[in-house]
>>> print(open('entry04.pdb').read())   # PDB, C-alpha atoms and all ligand atoms
ATOM      1  CA  MET O   9       3.215 -24.244 -58.605
ATOM      2  CA  ILE O  10       0.525 -26.301 -60.284
ATOM      3  CA  ALA O  11      -0.463 -24.951 -63.708
ATOM      4  CA  GLY O  12      -2.952 -25.654 -66.490
ATOM      5  CA  LEU O  13      -1.856 -26.902 -69.906
ATOM      6  CA  GLY O  14      -3.676 -24.098 -71.745
ATOM      7  CA  GLU O  15      -1.826 -21.248 -70.018
ATOM      8  CA  VAL O  16       1.605 -22.924 -70.228
ATOM      9  CA  LEU O  17       1.247 -23.704 -73.954
ATOM     10  CA  THR O  18      -0.142 -20.259 -74.814
ATOM     11  CA  ASP O  19       2.962 -18.709 -73.211
ATOM     12  CA  ALA O  20       5.247 -21.190 -75.006
ATOM     13  CA  LYS O  21       3.663 -20.322 -78.362
ATOM     14  CA  LYS O  22       4.227 -16.624 -77.704
ATOM     15  CA  ASP O  23       7.847 -17.257 -76.680
ATOM     16  CA  ASN O  24       8.592 -19.522 -79.679
ATOM     17  CA  ARG O  25       9.460 -22.598 -77.701
ATOM     18  CA  ALA O  26       7.957 -25.937 -76.742
ATOM     19  CA  ILE O  27       7.343 -27.561 -73.365
ATOM     20  CA  ALA O  28       8.374 -31.107 -72.581
ATOM     21  CA  GLY O  29       5.599 -33.527 -71.637
ATOM     22  CA  LEU O  30       7.666 -36.113 -69.790
ATOM     23  CA  VAL O  31       6.242 -39.594 -69.376
ATOM     24  CA  CYS O  32       6.420 -40.662 -65.716
ATOM     25  CA  LEU O  33       6.323 -44.195 -64.373
ATOM     26  CA  GLY O  34       6.852 -43.606 -60.656
ATOM     27  CA  TRP O  35       7.958 -41.374 -57.815
ATOM     28  CA  GLU O  36      11.667 -41.237 -58.677
ATOM     29  CA  ASP O  37      11.260 -40.149 -62.279
ATOM     30  CA  MET O  38       8.481 -37.601 -61.635
ATOM     31  CA  ARG O  39      10.582 -36.085 -58.820
ATOM     32  CA  ALA O  40      13.671 -35.978 -61.052
ATOM     33  CA  TYR O  41      11.786 -34.258 -63.889
ATOM     34  CA  VAL O  42      10.357 -31.538 -61.630
ATOM     35  CA  LYS O  43      13.861 -30.974 -60.187
ATOM     36  CA  ALA O  44      15.249 -30.685 -63.749
ATOM     37  CA  ALA O  45      12.591 -28.065 -64.594
ATOM     38  CA  GLU O  46      13.493 -26.065 -61.473
ATOM     39  CA  LEU O  47      17.197 -26.165 -62.337
ATOM     40  CA  GLU O  48      16.437 -25.014 -65.894
ATOM     41  CA  ASN O  49      13.875 -22.499 -64.631
ATOM     42  CA  GLN O  50      11.294 -23.746 -67.144
ATOM     43  CA  PRO O  51       7.711 -24.999 -66.965
ATOM     44  CA  ILE O  52       7.200 -28.737 -67.351
ATOM     45  CA  ILE O  53       4.365 -31.189 -67.977
ATOM     46  CA  ILE O  54       4.573 -34.409 -65.971
ATOM     47  CA  GLN O  55       2.243 -37.007 -67.381
ATOM     48  CA  ALA O  56       0.802 -40.360 -66.397
ATOM     49  CA  GLY O  57       0.064 -42.640 -69.341
ATOM     50  CA  PRO O  58      -1.710 -45.999 -69.547
ATOM     51  CA  SER O  59       1.250 -48.128 -68.371
ATOM     52  CA  CYS O  60       1.886 -45.838 -65.379
ATOM     53  CA  ARG O  61      -1.798 -46.174 -64.433
ATOM     54  CA  ARG O  62      -1.739 -49.947 -64.744
ATOM     55  CA  HIS O  63       1.128 -49.915 -62.205
ATOM     56  CA  THR O  64      -0.237 -47.271 -59.796
ATOM     57  CA  PRO O  65      -3.887 -46.188 -59.424
ATOM     58  CA  LEU O  66      -4.891 -42.682 -60.556
ATOM     59  CA  ARG O  67      -6.075 -41.869 -57.046
ATOM     60  CA  VAL O  68      -2.497 -42.414 -55.828
ATOM     61  CA  LEU O  69      -0.797 -40.700 -58.776
ATOM     62  CA  GLY O  70      -2.892 -37.519 -58.545
ATOM     63  CA  PRO O  71      -1.772 -36.571 -55.003
ATOM     64  CA  MET O  72       1.867 -37.597 -55.686
ATOM     65  CA  MET O  73       2.124 -35.516 -58.830
ATOM     66  CA  SER O  74       0.135 -32.534 -57.555
ATOM     67  CA  TYR O  75       2.253 -32.485 -54.381
ATOM     68  CA  LEU O  76       5.415 -32.145 -56.512
ATOM     69  CA  ALA O  77       3.736 -29.456 -58.636
ATOM     70  CA  GLU O  78       2.565 -27.417 -55.644
ATOM     71  CA  GLU O  79       6.017 -27.494 -54.040
ATOM     72  CA  ALA O  80       7.852 -26.558 -57.273
ATOM     73  CA  SER O  81       9.304 -23.112 -57.983
ATOM     74  CA  VAL O  82       8.246 -23.338 -61.676
ATOM     75  CA  PRO O  83       4.841 -24.036 -63.316
ATOM     76  CA  VAL O  84       4.155 -27.796 -63.419
ATOM     77  CA  VAL O  85       1.225 -29.260 -65.357
ATOM     78  CA  VAL O  86      -0.095 -32.552 -63.938
ATOM     79  CA  HIS O  87      -1.414 -34.276 -67.047
ATOM     80  CA  LEU O  88      -3.359 -37.448 -67.818
ATOM     81  CA  ASP O  89      -1.920 -38.930 -71.047
ATOM     82  CA  HIS O  90      -4.221 -40.955 -73.363
ATOM     83  CA  GLY O  91      -7.357 -40.904 -71.207
ATOM     84  CA  ALA O  92      -9.465 -43.775 -72.577
ATOM     85  CA  ASN O  93     -12.942 -42.425 -71.783
ATOM     86  CA  ILE O  94     -14.781 -39.611 -70.012
ATOM     87  CA  ASP O  95     -14.914 -41.549 -66.720
ATOM     88  CA  GLU O  96     -11.132 -41.863 -66.597
ATOM     89  CA  CYS O  97     -10.828 -38.106 -67.282
ATOM     90  CA  ARG O  98     -13.378 -37.406 -64.535
ATOM     91  CA  GLN O  99     -11.449 -39.598 -62.100
ATOM     92  CA  ALA O 100      -8.155 -37.864 -62.967
ATOM     93  CA  ILE O 101      -9.714 -34.440 -62.349
ATOM     94  CA  ALA O 102     -11.108 -35.627 -59.006
ATOM     95  CA  SER O 103      -7.617 -36.950 -58.109
ATOM     96  CA  GLY O 104      -5.895 -33.589 -58.608
ATOM     97  CA  PHE O 105      -4.746 -33.589 -62.274
ATOM     98  CA  SER O 106      -4.710 -30.092 -63.790
ATOM     99  CA  SER O 107      -4.978 -31.315 -67.385
ATOM    100  CA  VAL O 108      -6.336 -34.337 -69.241
ATOM    101  CA  MET O 109      -5.876 -35.831 -72.676
ATOM    102  CA  TYR O 110      -8.885 -37.606 -74.052
ATOM    103  CA  ASP O 111      -7.787 -39.872 -76.914
ATOM    104  CA  GLY O 112     -10.616 -40.393 -79.368
ATOM    105  CA  SER O 113      -8.227 -40.813 -82.300
ATOM    106  CA  ARG O 114      -9.436 -44.353 -83.094
ATOM    107  CA  LEU O 115     -13.009 -43.057 -83.575
ATOM    108  CA  PRO O 116     -14.518 -41.663 -86.789
ATOM    109  CA  LEU O 117     -14.226 -37.835 -86.917
ATOM    110  CA  LYS O 118     -17.809 -37.064 -85.842
ATOM    111  CA  GLU O 119     -17.639 -39.388 -82.843
ATOM    112  CA  ASN O 120     -14.197 -38.110 -81.865
ATOM    113  CA  ILE O 121     -15.567 -34.533 -81.924
ATOM    114  CA  LYS O 122     -18.612 -35.495 -79.877
ATOM    115  CA  ALA O 123     -16.706 -37.426 -77.197
ATOM    116  CA  THR O 124     -13.873 -34.874 -76.964
ATOM    117  CA  ARG O 125     -16.346 -32.003 -76.663
ATOM    118  CA  ALA O 126     -18.054 -33.782 -73.750
ATOM    119  CA  VAL O 127     -14.686 -34.041 -71.951
ATOM    120  CA  VAL O 128     -13.965 -30.350 -72.673
ATOM    121  CA  GLU O 129     -17.321 -29.327 -71.174
ATOM    122  CA  LEU O 130     -16.693 -31.400 -68.047
ATOM    123  CA  ALA O 131     -13.095 -30.201 -67.644
ATOM    124  CA  HIS O 132     -13.435 -26.506 -68.484
ATOM    125  CA  GLU O 133     -16.213 -26.137 -65.952
ATOM    126  CA  LYS O 134     -13.595 -27.060 -63.331
ATOM    127  CA  GLY O 135     -10.794 -24.958 -64.850
ATOM    128  CA  ILE O 136      -8.982 -28.029 -66.238
ATOM    129  CA  SER O 137      -7.310 -28.080 -69.690
ATOM    130  CA  VAL O 138      -7.900 -30.705 -72.383
ATOM    131  CA  GLU O 139      -5.690 -32.173 -75.115
ATOM    132  CA  GLY O 140      -7.382 -34.058 -77.969
ATOM    133  CA  GLU O 141      -5.943 -36.081 -80.867
ATOM    134  CA  ILE O 142      -6.834 -35.979 -84.555
ATOM    135  CA  GLY O 143      -5.360 -38.397 -87.090
ATOM    136  CA  PHE O 144      -3.720 -41.372 -85.433
ATOM    137  CA  VAL O 145      -0.178 -41.624 -84.048
ATOM    138  CA  GLY O 146       0.894 -45.254 -84.471
ATOM    139  CA  TYR O 147       3.277 -47.427 -82.467
ATOM    140  CA  ALA O 148       6.701 -48.819 -83.424
ATOM    141  CA  GLU O 149       6.105 -52.499 -84.276
ATOM    142  CA  GLY O 150       2.368 -51.982 -83.643
ATOM    143  CA  GLU O 151      -0.573 -50.044 -85.065
ATOM    144  CA  VAL O 152       0.102 -47.977 -88.193
ATOM    145  CA  SER O 153      -0.302 -44.159 -88.202
ATOM    146  CA  ALA O 154      -2.971 -42.203 -90.077
ATOM    147  CA  THR O 155      -1.684 -38.733 -91.022
ATOM    148  CA  THR O 156      -3.754 -35.793 -89.770
ATOM    149  CA  ASP O 157      -5.897 -34.147 -92.429
ATOM    150  CA  PRO O 158      -5.445 -30.344 -91.986
ATOM    151  CA  GLU O 159      -9.104 -29.501 -92.666
ATOM    152  CA  GLU O 160     -10.292 -32.146 -90.223
ATOM    153  CA  ALA O 161      -7.854 -30.758 -87.662
ATOM    154  CA  ALA O 162      -9.256 -27.244 -88.034
ATOM    155  CA  LEU O 163     -12.822 -28.521 -87.689
ATOM    156  CA  PHE O 164     -11.860 -30.694 -84.692
ATOM    157  CA  ALA O 165     -10.215 -27.754 -82.882
ATOM    158  CA  LYS O 166     -13.141 -25.423 -83.563
ATOM    159  CA  GLU O 167     -15.917 -27.856 -82.676
ATOM    160  CA  THR O 168     -14.338 -29.226 -79.490
ATOM    161  CA  GLY O 169     -12.719 -26.128 -77.916
ATOM    162  CA  ILE O 170      -9.626 -28.149 -76.885
ATOM    163  CA  ASP O 171      -6.577 -26.380 -75.435
ATOM    164  CA  ALA O 172      -4.014 -28.508 -77.292
ATOM    165  CA  MET O 173      -4.183 -30.803 -80.326
ATOM    166  CA  ALA O 174      -2.069 -33.913 -80.844
ATOM    167  CA  ILE O 175      -1.370 -34.474 -84.546
ATOM    168  CA  SER O 176       0.074 -37.282 -86.631
ATOM    169  CA  VAL O 177       2.681 -35.922 -89.048
ATOM    170  CA  GLY O 178       5.227 -38.724 -89.263
ATOM    171  CA  ASN O 179       5.684 -39.184 -85.508
ATOM    172  CA  VAL O 180       5.412 -42.700 -84.040
ATOM    173  CA  HIS O 181       5.222 -43.822 -80.381
ATOM    174  CA  LEU O 182       7.954 -45.919 -78.682
ATOM    175  CA  GLN O 183      10.738 -45.440 -81.241
ATOM    176  CA  LEU O 184      14.202 -46.366 -80.040
ATOM    177  CA  ASP O 185      16.110 -44.215 -82.534
ATOM    178  CA  SER O 186      15.530 -40.536 -83.287
ATOM    179  CA  GLU O 187      15.625 -40.557 -87.064
ATOM    180  CA  THR O 188      12.023 -40.032 -88.131
ATOM    181  CA  GLU O 189      11.542 -36.597 -89.688
ATOM    182  CA  LEU O 190       8.229 -34.815 -89.178
ATOM    183  CA  ASP O 191       6.384 -33.648 -92.319
ATOM    184  CA  GLU O 192       6.787 -29.865 -92.112
ATOM    185  CA  GLN O 193       4.477 -29.290 -95.074
ATOM    186  CA  VAL O 194       1.519 -30.887 -93.256
ATOM    187  CA  ILE O 195       2.375 -28.960 -90.061
ATOM    188  CA  GLN O 196       2.318 -25.709 -92.063
ATOM    189  CA  GLU O 197      -1.050 -26.585 -93.598
ATOM    190  CA  ILE O 198      -2.519 -27.394 -90.175
ATOM    191  CA  GLN O 199      -1.328 -24.185 -88.567
ATOM    192  CA  SER O 200      -2.534 -22.089 -91.506
ATOM    193  CA  LEU O 201      -6.057 -23.276 -90.626
ATOM    194  CA  THR O 202      -6.013 -23.273 -86.796
ATOM    195  CA  ASP O 203      -4.227 -21.450 -83.952
ATOM    196  CA  THR O 204      -4.617 -24.257 -81.395
ATOM    197  CA  PRO O 205      -1.220 -25.243 -79.912
ATOM    198  CA  LEU O 206       0.003 -28.510 -81.456
ATOM    199  CA  VAL O 207       1.377 -31.578 -79.676
ATOM    200  CA  ILE O 208       3.792 -34.212 -80.959
ATOM    201  CA  HIS O 209       3.520 -37.629 -79.321
ATOM    202  CA  GLY O 210       6.490 -39.937 -79.844
ATOM    203  CA  GLY O 211       8.920 -37.006 -79.506
ATOM    204  CA  SER O 212      11.812 -39.368 -78.757
ATOM    205  CA  GLY O 213      11.734 -40.589 -82.362
ATOM    206  CA  VAL O 214      12.128 -37.100 -83.889
ATOM    207  CA  PRO O 215      15.672 -35.862 -84.727
ATOM    208  CA  VAL O 216      16.781 -33.498 -81.940
ATOM    209  CA  SER O 217      17.681 -30.745 -84.441
ATOM    210  CA  GLN O 218      14.205 -30.815 -86.030
ATOM    211  CA  ARG O 219      12.573 -30.908 -82.609
ATOM    212  CA  ALA O 220      14.418 -27.732 -81.651
ATOM    213  CA  LYS O 221      13.824 -26.005 -84.980
ATOM    214  CA  LEU O 222      10.058 -26.624 -84.915
ATOM    215  CA  ALA O 223       9.848 -25.692 -81.228
ATOM    216  CA  ALA O 224      11.179 -22.269 -82.205
ATOM    217  CA  SER O 225       9.395 -21.783 -85.514
ATOM    218  CA  SER O 226       6.031 -23.598 -85.533
ATOM    219  CA  ASN O 227       2.862 -23.966 -83.434
ATOM    220  CA  ILE O 228       4.227 -27.179 -81.918
ATOM    221  CA  CYS O 229       4.228 -26.288 -78.225
ATOM    222  CA  LYS O 230       4.444 -29.714 -76.544
ATOM    223  CA  TYR O 231       6.629 -32.718 -77.266
ATOM    224  CA  ASN O 232       5.854 -35.921 -75.407
ATOM    225  CA  ILE O 233       9.127 -37.589 -74.473
ATOM    226  CA  GLY O 234       9.128 -41.060 -72.934
ATOM    227  CA  THR O 235      11.353 -43.639 -74.569
ATOM    228  CA  GLU O 236      14.659 -41.737 -74.473
ATOM    229  CA  LEU O 237      14.449 -41.085 -70.715
ATOM    230  CA  ARG O 238      13.074 -44.560 -69.909
ATOM    231  CA  SER O 239      15.980 -46.041 -71.815
ATOM    232  CA  LEU O 240      18.452 -43.778 -69.948
ATOM    233  CA  PHE O 241      16.946 -44.939 -66.638
ATOM    234  CA  GLY O 242      17.301 -48.600 -67.639
ATOM    235  CA  SER O 243      20.893 -48.319 -68.806
ATOM    236  CA  GLU O 244      21.994 -46.269 -65.762
ATOM    237  CA  LEU O 245      20.349 -48.766 -63.417
ATOM    238  CA  ARG O 246      22.001 -51.700 -65.203
ATOM    239  CA  GLY O 247      25.421 -50.009 -65.079
ATOM    240  CA  LEU O 248      25.102 -49.150 -61.392
ATOM    241  CA  LEU O 249      24.121 -52.676 -60.382
ATOM    242  CA  ASP O 250      26.790 -54.275 -62.592
ATOM    243  CA  GLN O 251      29.492 -52.160 -60.954
ATOM    244  CA  ASN O 252      28.223 -52.418 -57.372
ATOM    245  CA  SER O 253      27.235 -55.994 -56.784
ATOM    246  CA  GLU O 254      26.878 -55.423 -53.037
ATOM    247  CA  ILE O 255      24.120 -52.759 -53.295
ATOM    248  CA  PHE O 256      20.643 -54.010 -52.411
ATOM    249  CA  ASP O 257      18.771 -51.122 -50.796
ATOM    250  CA  ARG O 258      16.063 -49.755 -53.084
ATOM    251  CA  VAL O 259      16.342 -46.137 -51.915
ATOM    252  CA  GLN O 260      20.131 -46.159 -52.283
ATOM    253  CA  ILE O 261      19.913 -47.674 -55.776
ATOM    254  CA  LEU O 262      17.238 -45.315 -57.059
ATOM    255  CA  SER O 263      18.830 -42.215 -55.482
ATOM    256  CA  SER O 264      21.998 -42.910 -57.448
ATOM    257  CA  VAL O 265      20.076 -43.231 -60.713
ATOM    258  CA  GLU O 266      17.976 -40.125 -60.039
ATOM    259  CA  SER O 267      20.850 -37.669 -60.497
ATOM    260  CA  ARG O 268      21.518 -39.068 -63.998
ATOM    261  CA  LEU O 269      17.814 -38.807 -64.797
ATOM    262  CA  ILE O 270      17.833 -35.139 -63.740
ATOM    263  CA  GLU O 271      20.744 -34.484 -66.141
ATOM    264  CA  GLY O 272      18.980 -36.341 -68.970
ATOM    265  CA  ALA O 273      15.764 -34.389 -68.449
ATOM    266  CA  ARG O 274      17.683 -31.093 -68.293
ATOM    267  CA  SER O 275      19.201 -31.720 -71.693
ATOM    268  CA  VAL O 276      15.736 -32.504 -73.142
ATOM    269  CA  LEU O 277      14.392 -29.239 -71.685
ATOM    270  CA  ARG O 278      17.335 -27.224 -73.014
ATOM    271  CA  SER O 279      16.885 -28.667 -76.515
ATOM    272  CA  LEU O 280      13.318 -27.333 -76.671
ATOM    273  CA  SER O 281      13.953 -23.782 -75.560
ATOM    274  CA  ASN O 282      17.154 -22.830 -77.380
ATOM    275  CA  GLY O 283      16.158 -23.836 -80.916
TER
HETATM  276 ZN    ZN E   1       0.882 -40.702 -77.086
END
>>> encode(input="entry04.pdb", output="structure tokens")
Amino acid sequence: MIAGLGEVLTDAKKDNRAIAGLVCLGWEDMRAYVKAAELENQPIIIQAGPSCRRHTPLRVLGPMMSYLAEEASVPVVVHLDHGANIDECRQAIASGFSSVMYDGSRLPLKENIKATRAVVELAHEKGISVEGEIGFVGYAEGEVSATTDPEEAALFAKETGIDAMAISVGNVHLQLDSETELDEQVIQEIQSLTDTPLVIHGGSGVPVSQRAKLAASSNICKYNIGTELRSLFGSELRGLLDQNSEIFDRVQILSSVESRLIEGARSVLRSLSNG
């Protein structure tokens, strides 16, 4: 069933666990992730980020993802990741997304509040959830992070009315190893000032044990996971083709990789609910 981000994260916070926001690039991975959620009997967030949208238009992604969500036996949030502006959020909502992230994290605080609030007004009127970002989560070998200021976070949550808040507490996008510890002191300070469910982008870079511990014991209710499953997909595909030089059919190739992707996603889901 298709679900909103707000309701899924509120339940996760109550149950002391976190929900995986899995980064999708196409039909095979989004289908595998929904299957993994059904097998684990857990809600899931499937999300389309900027590189997915450069490859496939939003108007195509919306029906694909909402079809999978509607057919699923567990709650599935269809989420726009890093919406660049209000028009992109509007287009995602019109295409069937049940949740949008508007990323105003490169803007000064006042402008970020103003632009995020406009997206919240547009989305909430249609029953759609919104994730915002405060502080700036940087990129491995790219832009540098700016740690979230707890007081700014509290003001941002209150003034915008967002359903979920992405924070920068040591996390970095696109990391290939998982050795970057989150700053638990800053997380504590943020959640002492606001109840809004917290989101960690760059979840692949966080040690699995800390991910699980904070899923169970903090207000972190959503971890975005991309790199570790994209890298699993790449290595499984490479191995399959190396060992079967005669295979050429796209459906046959991708079907073989999909079962490994389901297993990989299941272990991510398990690590967030058993902490
Ligand atoms: Zn992100």
>>> residues_around(input="entry04.pdb", residues="Ile195 of chain O", least_positions_apart="2", cutoff="12 Å", atoms="all atoms listed in the file", output="number ranges by chain")
O: 155-159, 161-162, 173-179, 189-193, 197-203, 205-208, 222, 225-228
>>> residues_near_ligand(input="entry04.pdb", ligand="ligand ZN 1 (chain E)", cutoff="7 Å", atoms="only C-alpha atoms and all ligand atoms", output="number ranges by chain")
O: 89-90, 181, 209-210
>>> resolve_selection(input="entry04.pdb", expression="the PyMOL selection byres (((chain O and resi 73) around 10) and not hetatm)", output="MDAnalysis selection string")
chainID O and resid 10 32 34:35 38:39 42 54:56 68:72 74:78 84:87 103:105
>>> resolve_selection(input="entry04.pdb", expression="the PyMOL selection byres (((chain O and resi 115-118) around 9) and not hetatm)", output="list in words")
Gly112, Ser113, Arg114, Glu119, Asn120, Ile121, Lys122, Ala123, Ile142, Gly143, Glu160 and Phe164 of chain O
>>> atom_distance(input="entry04.pdb", atom1="atom CA of Asp37 of chain O", atom2="atom CA of Gly272 of chain O")
10.9 Å
>>> closest_residue(input="entry04.pdb", among="O:Glu79, O:Glu36, O:Glu129, O:Asp171", to="Glu141 of chain O", atoms="only C-alpha atoms")
O:Asp171
>>> closest_residue(input="entry04.pdb", among="O:Glu266, O:Glu96, O:Glu48, O:Glu167", to="Thr124 of chain O", atoms="only C-alpha atoms")
O:Glu167
>>> resolve_selection(input="entry04.pdb", expression="the PyMOL selection byres (((chain O and resi 150) around 12) and not hetatm)", output="list of chain:residue names")
O:Val145, O:Gly146, O:Tyr147, O:Ala148, O:Glu149, O:Glu151, O:Val152, O:Ser153, O:Val180, O:His181, O:Leu182, O:Gln183
>>> atom_distance(input="entry04.pdb", atom1="atom CA of Val265 of chain O", atom2="atom CA of Ala220 of chain O")
26.7 Å
>>> atom_distance(input="entry04.pdb", atom1="atom CA of Gly57 of chain O", atom2="atom CA of Val31 of chain O")
6.9 Å
>>> closest_residue(input="entry04.pdb", among="O:Cys229, O:Ile261, O:Leu33, O:Leu13", to="Ala131 of chain O", atoms="only C-alpha atoms")
O:Leu13
>>> axis_aligned_box(input="entry04.pdb", around="segment 239-250 of chain O", padding_each_side="3 Å", output="JSON")
{"center_x": 21.4, "center_y": -49.0, "center_z": -66.1, "size_x": 16.8, "size_y": 16.5, "size_z": 17.4}
>>> residues_around(input="entry04.pdb", residues="Pro58 of chain O", least_positions_apart="2", cutoff="9 Å", atoms="all atoms listed in the file", output="JSON, numbers by chain")
{"O": [56, 60, 61, 62, 63, 88, 89, 90, 91, 92]}
>>> closest_residue(input="entry04.pdb", among="O:Thr64, O:Thr188, O:Ser263, O:Thr204", to="Arg219 of chain O", atoms="all atoms listed in the file")
O:Thr188
>>> closest_residue(input="entry04.pdb", among="O:Arg125, O:Lys21, O:Arg268, O:Lys43", to="Gly247 of chain O", atoms="all atoms listed in the file")
O:Arg268
>>> residues_around(input="entry04.pdb", residues="Ile27 of chain O", least_positions_apart="5", cutoff="9 Å", atoms="all atoms listed in the file", output="JSON, numbers by chain")
{"O": [16, 17, 20, 50, 51, 52, 53, 223, 229, 230, 231, 232, 277, 280, 281]}
>>> closest_residue(input="entry04.pdb", among="O:Ser106, O:Ser217, O:Gln99, O:Thr18", to="Arg278 of chain O", atoms="all atoms listed in the file")
O:Ser217
